[in-house]
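As stored in coords_28.txt (compact mmCIF, C-alpha atoms):
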# COMPACT_ATOMS: atom_id res chain seq x y z
CA MET A 244 0.12 30.11 27.38
CA THR A 245 -1.06 33.06 25.34
CA GLY A 246 -0.79 34.16 21.74
CA ALA A 247 -1.12 32.09 18.59
CA ALA A 248 -1.86 28.40 18.85
CA LEU A 249 1.30 26.38 19.28
CA GLY A 250 2.48 23.88 16.72
CA HIS A 251 2.69 23.74 12.94
CA PRO A 252 -0.80 23.69 11.38
CA VAL A 253 0.05 20.49 9.48
CA TYR A 254 0.32 18.64 12.80
CA ARG A 255 -1.47 20.76 15.39
CA ASP A 256 -5.04 19.65 14.62
CA MET A 257 -4.19 16.25 13.20
CA PRO A 258 -5.94 13.31 14.91
CA THR A 259 -4.11 10.24 16.14
CA THR A 260 -3.69 7.76 13.29
CA ILE A 261 -6.46 5.22 12.77
CA PHE A 262 -3.91 2.46 13.39
CA GLU A 263 -3.09 3.71 16.86
CA GLN A 264 -6.78 4.41 17.58
CA MET A 265 -7.81 0.86 16.74
CA SER A 266 -4.82 -0.69 18.51
CA ALA A 267 -5.66 1.35 21.62
CA LEU A 268 -9.25 0.09 21.46
CA ALA A 269 -7.95 -3.46 21.06
CA ARG A 270 -5.81 -3.06 24.18
CA GLU A 271 -8.66 -1.44 26.09
CA THR A 272 -11.21 -4.11 25.20
CA GLY A 273 -8.94 -7.15 24.93
CA ALA A 274 -9.89 -7.56 21.27
CA ILE A 275 -7.86 -9.54 18.75
CA ASN A 276 -5.89 -6.94 16.81
CA LEU A 277 -6.25 -7.55 13.08
CA GLY A 278 -6.00 -3.80 12.53
CA GLN A 279 -2.44 -2.53 12.84
CA GLY A 280 -0.06 -4.50 10.66
CA PHE A 281 2.44 -6.41 12.74
CA PRO A 282 3.12 -10.13 13.25
CA ASP A 283 2.62 -11.77 16.65
CA THR A 284 5.83 -13.82 16.42
CA PRO A 285 9.25 -12.79 17.77
CA GLY A 286 10.93 -12.90 14.35
CA PRO A 287 13.77 -15.04 12.93
CA ALA A 288 15.81 -16.36 15.86
CA ASP A 289 19.15 -16.31 14.04
CA ILE A 290 18.77 -12.65 13.08
CA LEU A 291 17.74 -11.78 16.63
CA ASN A 292 20.82 -13.57 17.94
CA VAL A 293 23.11 -11.61 15.63
CA ALA A 294 21.61 -8.36 16.96
CA ALA A 295 21.93 -9.52 20.58
CA ASP A 296 25.52 -10.65 20.13
CA ALA A 297 26.45 -7.40 18.35
CA LEU A 298 24.92 -5.37 21.17
CA LEU A 299 27.27 -7.02 23.65
CA SER A 300 30.38 -7.60 21.58
CA ARG A 301 30.57 -4.81 18.98
CA SER A 302 30.53 -1.04 19.02
CA ASN A 303 27.49 0.78 20.38
CA GLN A 304 28.81 4.21 19.40
CA TYR A 305 27.71 6.25 16.40
CA PRO A 306 28.00 4.25 13.20
CA PRO A 307 28.57 6.15 9.94
CA MET A 308 25.75 8.54 9.16
CA ALA A 309 24.89 6.83 5.86
CA GLY A 310 24.90 3.40 7.51
CA LEU A 311 27.37 0.64 8.26
CA PRO A 312 29.36 -0.32 5.14
CA GLU A 313 28.30 -3.94 5.70
CA LEU A 314 24.60 -3.06 5.48
CA ARG A 315 24.93 -0.69 2.54
CA ALA A 316 26.78 -3.40 0.63
CA ALA A 317 24.22 -6.02 1.68
CA VAL A 318 21.30 -3.91 0.41
CA ALA A 319 22.98 -3.39 -2.98
CA SER A 320 23.87 -7.09 -3.30
CA HIS A 321 20.37 -8.13 -2.21
CA TYR A 322 18.68 -6.04 -4.88
CA ALA A 323 21.10 -7.31 -7.51
CA ALA A 324 20.22 -10.91 -6.63
CA HIS A 325 16.47 -10.48 -6.19
CA GLN A 326 15.53 -7.66 -8.58
CA GLY A 327 18.40 -7.33 -11.04
CA LEU A 328 19.26 -3.78 -9.98
CA ALA A 329 22.76 -2.43 -10.51
CA LEU A 330 23.11 -0.41 -7.31
CA THR A 331 26.37 0.25 -5.49
CA PRO A 332 26.80 0.53 -1.70
CA GLN A 333 27.32 4.27 -2.23
CA ASP A 334 23.76 4.51 -3.62
CA VAL A 335 22.30 3.30 -0.29
CA ILE A 336 21.52 5.37 2.82
CA VAL A 337 20.35 3.51 5.94
CA THR A 338 17.46 5.15 7.81
CA SER A 339 15.52 4.56 11.00
CA GLY A 340 12.63 2.91 9.23
CA ALA A 341 10.99 3.49 5.86
CA THR A 342 8.88 6.38 7.17
CA GLU A 343 12.05 8.28 7.98
CA ALA A 344 13.29 7.52 4.47
CA ILE A 345 10.07 8.95 3.02
CA ALA A 346 10.33 12.03 5.23
CA ALA A 347 14.00 12.59 4.38
CA THR A 348 13.32 12.23 0.65
CA LEU A 349 10.45 14.71 0.67
CA LEU A 350 12.29 17.23 2.86
CA ALA A 351 15.41 16.93 0.71
CA LEU A 352 13.81 17.22 -2.70
CA VAL A 353 10.46 19.03 -2.53
CA GLN A 354 10.51 22.81 -2.95
CA PRO A 355 7.63 25.01 -1.74
CA GLY A 356 4.76 24.75 -4.20
CA ASP A 357 6.00 21.58 -5.91
CA GLU A 358 3.21 19.13 -6.61
CA VAL A 359 3.56 15.50 -5.58
CA LEU A 360 1.31 12.99 -7.29
CA VAL A 361 0.02 10.29 -4.91
CA LEU A 362 -2.28 7.32 -5.45
CA ALA A 363 -5.18 6.87 -3.03
CA PRO A 364 -5.82 4.79 -1.00
CA LEU A 365 -2.48 5.75 0.49
CA TYR A 366 -0.28 5.40 3.57
CA ASP A 367 -1.40 8.02 6.07
CA ALA A 368 2.05 9.59 6.54
CA TYR A 369 2.32 10.74 2.92
CA LEU A 370 0.09 13.81 3.03
CA PRO A 371 1.37 15.47 6.22
CA LEU A 372 4.97 14.86 5.17
CA ILE A 373 4.34 16.39 1.74
CA GLU A 374 2.66 19.41 3.31
CA ARG A 375 5.40 19.84 5.93
CA ALA A 376 7.97 19.88 3.13
CA GLY A 377 6.01 22.70 1.48
CA GLY A 378 4.63 20.54 -1.30
CA VAL A 379 1.11 20.16 -2.63
CA ALA A 380 -0.40 16.68 -2.90
CA LYS A 381 -2.23 15.87 -6.14
CA VAL A 382 -4.34 12.83 -5.36
CA VAL A 383 -5.19 10.20 -7.97
CA ARG A 384 -8.19 8.30 -6.63
CA LEU A 385 -8.20 4.56 -7.40
CA THR A 386 -11.32 2.45 -6.97
CA PRO A 387 -12.02 -1.22 -6.19
CA PRO A 388 -12.02 -3.98 -7.05
CA GLU A 389 -9.27 -3.59 -9.69
CA TRP A 390 -7.59 -0.44 -8.34
CA ARG A 391 -6.17 0.19 -11.83
CA ILE A 392 -3.88 3.08 -12.74
CA THR A 393 -4.84 4.54 -16.12
CA GLN A 394 -3.59 7.33 -18.35
CA ALA A 395 -6.81 9.22 -17.64
CA ALA A 396 -6.21 8.96 -13.88
CA LEU A 397 -2.79 10.60 -14.27
CA ALA A 398 -4.46 13.68 -15.76
CA ALA A 399 -4.47 15.10 -12.22
CA ALA A 400 -0.86 16.13 -12.86
CA SER A 401 -0.11 19.72 -13.81
CA PRO A 402 2.99 21.62 -15.00
CA ARG A 403 3.90 22.08 -11.31
CA THR A 404 3.98 18.32 -10.68
CA ARG A 405 7.56 17.36 -9.92
CA PHE A 406 7.29 14.04 -8.07
CA LEU A 407 5.41 10.77 -7.97
CA LEU A 408 5.13 9.16 -4.52
CA MET A 409 3.85 5.61 -4.80
CA ASN A 410 3.57 2.36 -2.86
CA ASN A 411 4.04 -1.01 -4.57
CA PRO A 412 3.01 -3.64 -3.52
CA VAL A 413 0.12 -1.61 -2.21
CA ASN A 414 -1.13 -1.24 1.34
CA PRO A 415 -4.10 -1.43 1.97
CA THR A 416 -5.34 -2.96 -1.29
CA GLY A 417 -2.97 -5.94 -1.48
CA ILE A 418 -2.37 -5.25 -5.18
CA VAL A 419 0.89 -5.80 -7.05
CA LEU A 420 1.09 -3.24 -9.85
CA ARG A 421 0.80 -4.86 -13.28
CA ASP A 422 3.54 -4.62 -15.92
CA GLY A 423 1.41 -2.26 -18.02
CA GLU A 424 0.88 0.08 -15.08
CA LEU A 425 4.59 0.17 -14.26
CA ALA A 426 5.39 0.94 -17.91
CA LEU A 427 2.73 3.66 -17.92
CA LEU A 428 4.13 5.26 -14.76
CA ALA A 429 7.69 5.10 -16.11
CA ARG A 430 6.72 6.78 -19.39
CA PHE A 431 4.77 9.36 -17.44
CA CYS A 432 7.75 10.19 -15.22
CA VAL A 433 10.16 10.36 -18.15
CA ASP A 434 7.83 12.49 -20.29
CA ARG A 435 7.08 14.89 -17.42
CA ASP A 436 10.64 14.84 -16.02
CA LEU A 437 9.41 13.63 -12.61
CA ILE A 438 11.32 11.96 -9.80
CA ALA A 439 9.60 8.80 -8.52
CA ILE A 440 9.70 8.12 -4.78
CA CYS A 441 8.94 4.41 -4.51
CA ASP A 442 7.82 3.03 -1.16
CA GLU A 443 8.49 -0.68 -1.77
CA VAL A 444 8.48 -2.01 1.79
CA TRP A 445 6.25 -4.96 0.84
CA GLU A 446 8.53 -6.08 -2.00
CA HIS A 447 9.17 -9.56 -0.56
CA LEU A 448 5.58 -10.22 0.55
CA THR A 449 3.95 -11.23 -2.72
CA PHE A 450 1.90 -14.38 -3.25
CA ASP A 451 0.56 -16.85 -5.83
CA GLY A 452 3.78 -16.79 -7.83
CA LEU A 453 3.72 -13.03 -8.38
CA ARG A 454 7.02 -11.19 -8.04
CA HIS A 455 7.67 -7.58 -7.26
CA ARG A 456 9.13 -5.51 -10.10
CA PRO A 457 10.68 -2.20 -9.05
CA LEU A 458 9.84 0.95 -10.98
CA MET A 459 13.57 1.73 -10.88
CA ALA A 460 14.15 -1.13 -13.37
CA GLN A 461 11.87 0.41 -16.01
CA PRO A 462 13.48 2.20 -18.99
CA GLY A 463 14.64 5.67 -18.08
CA MET A 464 13.93 5.30 -14.35
CA GLY A 465 17.33 4.35 -12.95
CA GLU A 466 18.38 8.00 -12.78
CA ARG A 467 15.08 9.38 -11.51
CA THR A 468 13.97 7.00 -8.76
CA VAL A 469 14.39 6.90 -5.00
CA LYS A 470 13.72 3.32 -3.90
CA ILE A 471 12.74 2.80 -0.25
CA GLY A 472 12.83 -0.52 1.63
CA SER A 473 12.23 -1.85 5.13
CA ALA A 474 13.91 -4.60 7.12
CA GLY A 475 10.97 -4.48 9.49
CA LYS A 476 8.65 -5.80 6.79
CA ILE A 477 11.15 -8.20 5.19
CA PHE A 478 12.07 -9.91 8.49
CA SER A 479 8.80 -9.40 10.43
CA LEU A 480 10.58 -7.13 12.91
CA THR A 481 8.49 -3.98 12.68
CA GLY A 482 9.78 -2.52 15.95
CA TRP A 483 13.37 -2.44 14.73
CA LYS A 484 12.71 0.52 12.42
CA VAL A 485 15.58 -0.18 10.04
CA GLY A 486 15.05 1.01 6.49
CA TRP A 487 16.97 2.49 3.58
CA MET A 488 16.69 4.73 0.55
CA CYS A 489 18.52 4.05 -2.70
CA ALA A 490 19.23 6.67 -5.36
CA ALA A 491 21.82 6.54 -8.11
CA PRO A 492 22.17 10.24 -9.14
CA ALA A 493 24.96 11.78 -7.06
CA ASP A 494 23.23 15.14 -6.55
CA CYS A 495 19.99 13.48 -5.43
CA HIS A 496 21.88 11.12 -3.12
CA ALA A 497 23.75 14.00 -1.49
CA ALA A 498 20.50 15.86 -0.76
CA LEU A 499 18.96 12.74 0.80
CA ALA A 500 22.00 12.25 3.02
CA ARG A 501 21.88 15.85 4.25
CA ALA A 502 18.20 15.57 5.16
CA HIS A 503 18.78 12.24 6.91
CA GLN A 504 21.65 13.57 9.01
CA PHE A 505 19.35 16.17 10.58
CA LEU A 506 16.47 13.75 11.22
CA THR A 507 17.80 10.65 12.96
CA PHE A 508 21.45 10.88 11.81
CA THR A 509 21.93 7.16 12.28
CA THR A 510 20.36 3.85 13.32
CA PRO A 511 21.40 1.39 16.08
CA PRO A 512 24.51 -0.44 14.83
CA ASN A 513 23.66 -3.85 16.28
CA LEU A 514 20.41 -3.88 14.28
CA GLN A 515 22.29 -2.86 11.14
CA TRP A 516 24.74 -5.77 11.48
CA ALA A 517 21.85 -8.17 11.99
CA VAL A 518 19.93 -6.90 8.96
CA ALA A 519 23.07 -7.16 6.83
CA LYS A 520 23.33 -10.84 7.78
CA GLY A 521 19.65 -11.37 7.06
CA LEU A 522 19.73 -9.82 3.60
CA ALA A 523 22.48 -12.27 2.62
CA LYS A 524 20.23 -15.26 3.24
CA PRO A 525 19.61 -17.54 0.23
CA VAL A 526 16.73 -16.85 -2.14
CA GLU A 527 14.93 -19.94 -0.86
CA TRP A 528 14.65 -18.45 2.63
CA PHE A 529 12.63 -15.51 1.35
CA GLY A 530 10.45 -17.87 -0.65
CA ALA A 531 9.66 -19.81 2.52
CA ILE A 532 8.60 -16.61 4.29
CA ARG A 533 6.24 -15.80 1.42
CA ALA A 534 4.79 -19.29 1.57
CA ASP A 535 4.16 -19.00 5.31
CA TYR A 536 2.30 -15.71 4.96
CA GLN A 537 0.37 -17.00 1.95
CA ALA A 538 -0.80 -19.89 4.11
CA SER A 539 -1.94 -17.42 6.77
CA ARG A 540 -3.78 -15.39 4.16
CA ASP A 541 -5.50 -18.49 2.84
CA ARG A 542 -6.48 -19.61 6.33
CA LEU A 543 -8.16 -16.28 7.13
CA VAL A 544 -9.80 -15.97 3.72
CA THR A 545 -11.12 -19.54 3.73
CA GLY A 546 -12.57 -19.15 7.20
CA LEU A 547 -14.24 -15.84 6.47
CA ARG A 548 -15.69 -17.03 3.17
CA ALA A 549 -17.17 -20.05 4.91
CA ALA A 550 -18.79 -17.59 7.34
CA GLY A 551 -20.44 -15.67 4.49
CA PHE A 552 -17.95 -12.82 4.04
CA VAL A 553 -16.88 -11.67 0.57
CA LEU A 554 -13.25 -10.63 0.20
CA LEU A 555 -11.26 -8.86 -2.49
CA PRO A 556 -8.19 -10.64 -3.87
CA SER A 557 -4.97 -10.10 -1.91
CA GLN A 558 -1.79 -10.56 -3.93
CA ALA A 559 0.67 -9.08 -1.42
CA THR A 560 1.26 -7.41 1.98
CA TRP A 561 -0.22 -8.73 5.25
CA PHE A 562 -3.74 -7.54 4.47
CA VAL A 563 -7.02 -8.59 2.93
CA CYS A 564 -10.15 -6.47 2.40
CA VAL A 565 -13.73 -7.45 3.28
CA ASP A 566 -16.54 -6.13 1.05
CA LEU A 567 -19.30 -5.24 3.54
CA PRO A 568 -22.40 -4.90 1.29
CA ALA A 569 -21.42 -8.02 -0.68
CA SER A 570 -21.20 -9.77 2.70
CA GLY A 571 -24.76 -8.74 3.58
CA ILE A 572 -23.69 -6.10 6.11
CA ALA A 573 -25.49 -2.76 5.89
CA MET A 574 -22.88 -0.61 7.62
CA ASP A 575 -20.14 1.67 6.39
CA ASP A 576 -16.55 0.74 7.17
CA ARG A 577 -16.12 2.96 10.23
CA GLU A 578 -19.34 1.81 11.88
CA PHE A 579 -18.40 -1.82 11.23
CA CYS A 580 -14.92 -1.36 12.74
CA GLU A 581 -16.33 0.40 15.80
CA ARG A 582 -18.94 -2.32 16.27
CA ILE A 583 -16.71 -5.35 15.89
CA VAL A 584 -14.00 -4.16 18.25
CA ARG A 585 -16.59 -3.84 21.05
CA ASP A 586 -19.22 -6.42 20.06
CA ALA A 587 -17.03 -9.12 18.50
CA GLY A 588 -13.64 -8.51 20.07
CA VAL A 589 -11.79 -7.99 16.77
CA ALA A 590 -10.03 -4.81 15.65
CA ALA A 591 -9.88 -3.87 11.95
CA ILE A 592 -9.13 -0.77 9.85
CA PRO A 593 -11.65 1.11 7.69
CA ILE A 594 -10.38 1.67 4.14
CA SER A 595 -11.87 5.17 4.17
CA ALA A 596 -8.99 6.16 6.49
CA PHE A 597 -6.62 5.82 3.53
CA TYR A 598 -8.37 8.53 1.48
CA PRO A 599 -8.00 12.29 2.09
CA ASP A 600 -11.42 12.89 0.50
CA GLU A 601 -14.11 11.05 -1.49
CA PRO A 602 -13.33 7.84 0.38
CA VAL A 603 -14.36 4.31 -0.46
CA THR A 604 -16.52 3.42 2.55
CA HIS A 605 -17.58 -0.21 2.02
CA LEU A 606 -14.28 -2.03 2.60
CA VAL A 607 -12.49 -3.07 5.78
CA ARG A 608 -8.84 -4.17 6.06
CA LEU A 609 -7.84 -7.18 8.14
CA CYS A 610 -4.26 -8.23 8.95
CA PHE A 611 -3.42 -11.93 8.59
CA SER A 612 0.17 -11.93 9.91
CA LYS A 613 -0.95 -13.76 13.03
CA ALA A 614 -0.74 -17.25 14.49
CA ASP A 615 -3.21 -19.85 13.23
CA ALA A 616 -5.04 -20.01 16.56
CA VAL A 617 -5.45 -16.24 16.60
CA LEU A 618 -6.82 -16.21 13.06
CA ASP A 619 -9.22 -19.07 13.84
CA GLU A 620 -10.56 -17.30 16.92
CA ALA A 621 -10.98 -14.06 14.97
CA VAL A 622 -12.91 -15.91 12.26
CA ALA A 623 -15.18 -17.49 14.87
CA ARG A 624 -15.91 -14.11 16.46
CA LEU A 625 -16.54 -12.38 13.13
CA ALA A 626 -18.74 -15.25 11.95
CA ASP A 627 -20.87 -14.95 15.07
CA PHE A 628 -21.09 -11.18 14.64
CA ARG A 629 -22.20 -11.51 11.01
CA ARG A 630 -24.87 -14.10 11.92
CA ARG A 631 -26.32 -11.73 14.51
CA VAL A 632 -26.23 -8.73 12.18
CA VAL A 633 -27.76 -10.57 9.23
CA ALA A 634 -30.42 -12.17 11.43
CA GLY A 635 -31.27 -8.76 12.85
CA SER A 636 -31.66 -7.26 9.38
CA GLY A 637 -34.16 -9.94 8.37
CA GLU A 638 -32.05 -11.33 5.51
CA GLY A 639 -32.52 -14.98 4.72
CA ARG A 640 -35.99 -15.19 6.30

As a first step, turn the structure in this file into structure tokens.
Amino acid sequence: MTGAALGHPVYRDMPTTIFEQMSALARETGAINLGQGFPDTPGPADILNVAADALLSRSNQYPPMAGLPELRAAVASHYAAHQGLALTPQDVIVTSGATEAIAATLLALVQPGDEVLVLAPLYDAYLPLIERAGGVAKVVRLTPPEWRITQAALAAASPRTRFLLMNNPVNPTGIVLRDGELALLARFCVDRDLIAICDEVWEHLTFDGLRHRPLMAQPGMGERTVKIGSAGKIFSLTGWKVGWMCAAPADCHAALARAHQFLTFTTPPNLQWAVAKGLAKPVEWFGAIRADYQASRDRLVTGLRAAGFVLLPSQATWFVCVDLPASGIAMDDREFCERIVRDAGVAAIPISAFYPDEPVTHLVRLCFSKADAVLDEAVARLADFRRRVVAGSGEGR
């Protein structure tokens, strides 16, 4: 072909995501994949059976664009029971995954030149989606080990800032935002007249007695928040790609619906019926899921610490971060990830991949949503790798 390069510049020169790169290396080398975040179990059998039965016995034609009434009602009822939110089914739009919800929200609301405040480290889809919508990302850089949001950090905002796009609980840091930070962000949004786009896909995966508190519940935020959730994360069914976006203001909700109808329009109805059934499960069921993942986290952390690794606290998500220099490893995060996938047979994710610039380069993210035997084997391989690296550097002699 001749003429100008094909493709929008936001996407044309963009590399494959680090998650797909590391998963591809894991497949190529046979490594244990602790990089990309997905469980290695089939998921809850009863929810799978509802989806299978619905596929054979119920309609497989287009469901309503905004989602099946049963699922929209289930989302609203679920948030009332678990987070005290007063949403109605009409406030909910079902999407094909949370990433589609994020894309639809940005495309619906962001005008060319609008600034969107984001907190780094951040989910890699945020920046290209903001840019494709015509917005300008204003990045607030957070640093370990506390990853705190402060008033000074929010000074990156300008008079053109119209939105806050945030993730809580936070991937990749494993942090649950503190009450003071949520109050600070709410006051900031109210004072600046911002709309908050809240990616809360990890809302049920919190540990050690911590509970997720939605920004939407803060004073003044009910009318200026788009809350995004994911059945894939809640039910450990990441391939289903069933999500939703919730917004109370009628004008905002209408814009989201129009954007959604020209993206995916709808989501497989059998999966929607199954998710609706799942969301109606008793509170204790969700507590048991948290306990299971907390046990997996503790198993990986205990094994790695015994092998000499130093880890940052993980309060939520499926991830924990290794501090390389504190662990006696003189490599940056990318070199370490490239070495271990080939030399130790374990795939991980460098935290620097979550920063658009000025990255933190000494932390590596590991996923613990795996079977005990898989975690134990990964620990053994990483322990052996660390022994060889430390011995080669002369430490401990």

Within 10 Å of Asn276 in chain A using all atoms listed in the file, minus same-chain residues under 3 positions, as a ChimeraX atom specification: /A:265-270,273,279-281,283,584,588-592,609-611,613,617,621

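Excluding Asp494 in chain A itself and any same-chain residue fewer than 4 positions from it, the protein and nucleic acid residues within 12 Å of it, counting only C-alpha atoms, are Asp334, Ala351, Leu352, Glu466, Arg467, Ala490, Ala498, Leu499, Ala500 and Arg501 of chain A.
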
Selection export as a PDB file, keeping the file's coordinate frame, atoms kept: C-alpha atoms:
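Done, and the output landed in out.pdb:
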ATOM      1  CA  ASP A 334      23.760   4.510  -3.620  1.00  0.00           C
ATOM      2  CA  ALA A 351      15.410  16.930   0.710  1.00  0.00           C
ATOM      3  CA  LEU A 352      13.810  17.220  -2.700  1.00  0.00           C
ATOM      4  CA  GLU A 466      18.380   8.000 -12.780  1.00  0.00           C
ATOM      5  CA  ARG A 467      15.080   9.380 -11.510  1.00  0.00           C
ATOM      6  CA  ALA A 490      19.230   6.670  -5.360  1.00  0.00           C
ATOM      7  CA  ALA A 498      20.500  15.860  -0.760  1.00  0.00           C
ATOM      8  CA  LEU A 499      18.960  12.740   0.800  1.00  0.00           C
ATOM      9  CA  ALA A 500      22.000  12.250   3.020  1.00  0.00           C
ATOM     10  CA  ARG A 501      21.880  15.850   4.250  1.00  0.00           C
TER      11      ARG A 501
END

Could you list, as a ChimeraX atom specification, every residue within 9 Å of range 362-377 of chain A, counting only C-alpha atoms and ignoring same-chain residues fewer than 5 positions away? /A:251,253-254,257,260-261,342,345-346,349-357,382-386,392,407-410,413-416,594-599,602-603

Mind pulling up the distance from CA of Gly378 in chain A to CA of Ala344 in chain A?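 These two atoms are separated by 16.7 Å.
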
What does the structure give for the distance between CA of Trp390 in chain A and CA of Glu446 in chain A, in Å to one decimal?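 Straight-line distance from CA of Trp390 in chain A to CA of Glu446 in chain A works out to 18.2 Å.
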
Using all atoms listed in the file, which of A:Thr404, A:Thr449, A:Thr510, A:Thr468 sits nearest Arg540 in chain A?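 Once distances to Arg540 in chain A are computed over all atoms listed in the file, the minimum belongs to A:Thr449.
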
Interatomic distance (Å, one decimal) between CA of Lys381 in chain A and CA of Val359 in chain A: 5.8 Å

Got a sec to check which residues sit within 9 Å of (-24.4, -4.6, 5.3), counting all atoms listed in the file, and write them as an NGL selection string? :A and (567-575 or 579 or 605 or 632-633 or 636)

I need the residue nearest Leu618 in chain A from this list: A:Asp535, A:Asp541, A:Glu343, A:Glu527. Use only C-alpha atoms for the distance.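 Nearest candidate to Leu618 in chain A out of A:Asp535, A:Asp541, A:Glu343, A:Glu527: A:Asp541.
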
Mind dumping a table of every range 365-420 of chain A residue within 12 Å of range 548-554 of chain A, with the nearest atom pair and its distance in Å to one decimal, using only C-alpha atoms, sorted by chain and rising number, as CSV?
residue,atom,partner,partner_atom,distance
A:Pro387,CA,A:Leu554,CA,11.4
A:Pro388,CA,A:Leu554,CA,9.9
A:Thr416,CA,A:Leu554,CA,11.1
A:Gly417,CA,A:Leu554,CA,11.4

When you count only C-alpha atoms, which of these residues is closest to Asp627 in chain A: A:Arg577, A:Arg405, A:Thr338, A:Ile583? A:Ile583

Could I get range 431-443 of chain A rebuilt with N, CA, C and O atoms, written as a short mmCIF file (atom, residue, chain, number, x, y, z; two decimals), in the coordinates of the input?
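For reference, out_10.cif as written:
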data_model
loop_
_atom_site.label_atom_id
_atom_site.label_comp_id
_atom_site.auth_asym_id
_atom_site.auth_seq_id
_atom_site.Cartn_x
_atom_site.Cartn_y
_atom_site.Cartn_z
N PHE A 431 5.30 8.13 -17.99
CA PHE A 431 4.77 9.36 -17.44
C PHE A 431 5.87 10.16 -16.75
O PHE A 431 5.99 11.38 -16.95
N CYS A 432 6.68 9.50 -15.93
CA CYS A 432 7.75 10.19 -15.22
C CYS A 432 8.81 10.72 -16.19
O CYS A 432 9.30 11.86 -16.04
N VAL A 433 9.16 9.93 -17.18
CA VAL A 433 10.16 10.36 -18.15
C VAL A 433 9.64 11.54 -18.97
O VAL A 433 10.33 12.56 -19.14
N ASP A 434 8.40 11.42 -19.46
CA ASP A 434 7.83 12.49 -20.29
C ASP A 434 7.67 13.79 -19.52
O ASP A 434 7.87 14.88 -20.07
N ARG A 435 7.31 13.69 -18.24
CA ARG A 435 7.08 14.89 -17.42
C ARG A 435 8.32 15.30 -16.62
O ARG A 435 8.26 16.28 -15.89
N ASP A 436 9.40 14.57 -16.76
CA ASP A 436 10.64 14.84 -16.02
C ASP A 436 10.39 14.83 -14.51
O ASP A 436 10.81 15.73 -13.78
N LEU A 437 9.72 13.77 -14.03
CA LEU A 437 9.41 13.63 -12.61
C LEU A 437 10.41 12.71 -11.93
O LEU A 437 10.98 11.81 -12.56
N ILE A 438 10.59 12.91 -10.64
CA ILE A 438 11.32 11.96 -9.80
C ILE A 438 10.29 11.07 -9.12
O ILE A 438 9.30 11.57 -8.55
N ALA A 439 10.49 9.76 -9.17
CA ALA A 439 9.60 8.80 -8.52
C ALA A 439 10.17 8.41 -7.16
O ALA A 439 11.34 8.02 -7.06
N ILE A 440 9.35 8.55 -6.14
CA ILE A 440 9.70 8.12 -4.78
C ILE A 440 8.91 6.84 -4.53
O ILE A 440 7.68 6.88 -4.40
N CYS A 441 9.60 5.72 -4.51
CA CYS A 441 8.94 4.41 -4.51
C CYS A 441 9.05 3.74 -3.14
O CYS A 441 10.13 3.27 -2.76
N ASP A 442 7.94 3.70 -2.45
CA ASP A 442 7.82 3.03 -1.16
C ASP A 442 7.55 1.55 -1.46
O ASP A 442 6.43 1.17 -1.79
N GLU A 443 8.59 0.72 -1.35
CA GLU A 443 8.49 -0.68 -1.77
C GLU A 443 8.72 -1.62 -0.59
O GLU A 443 9.32 -2.69 -0.72
#
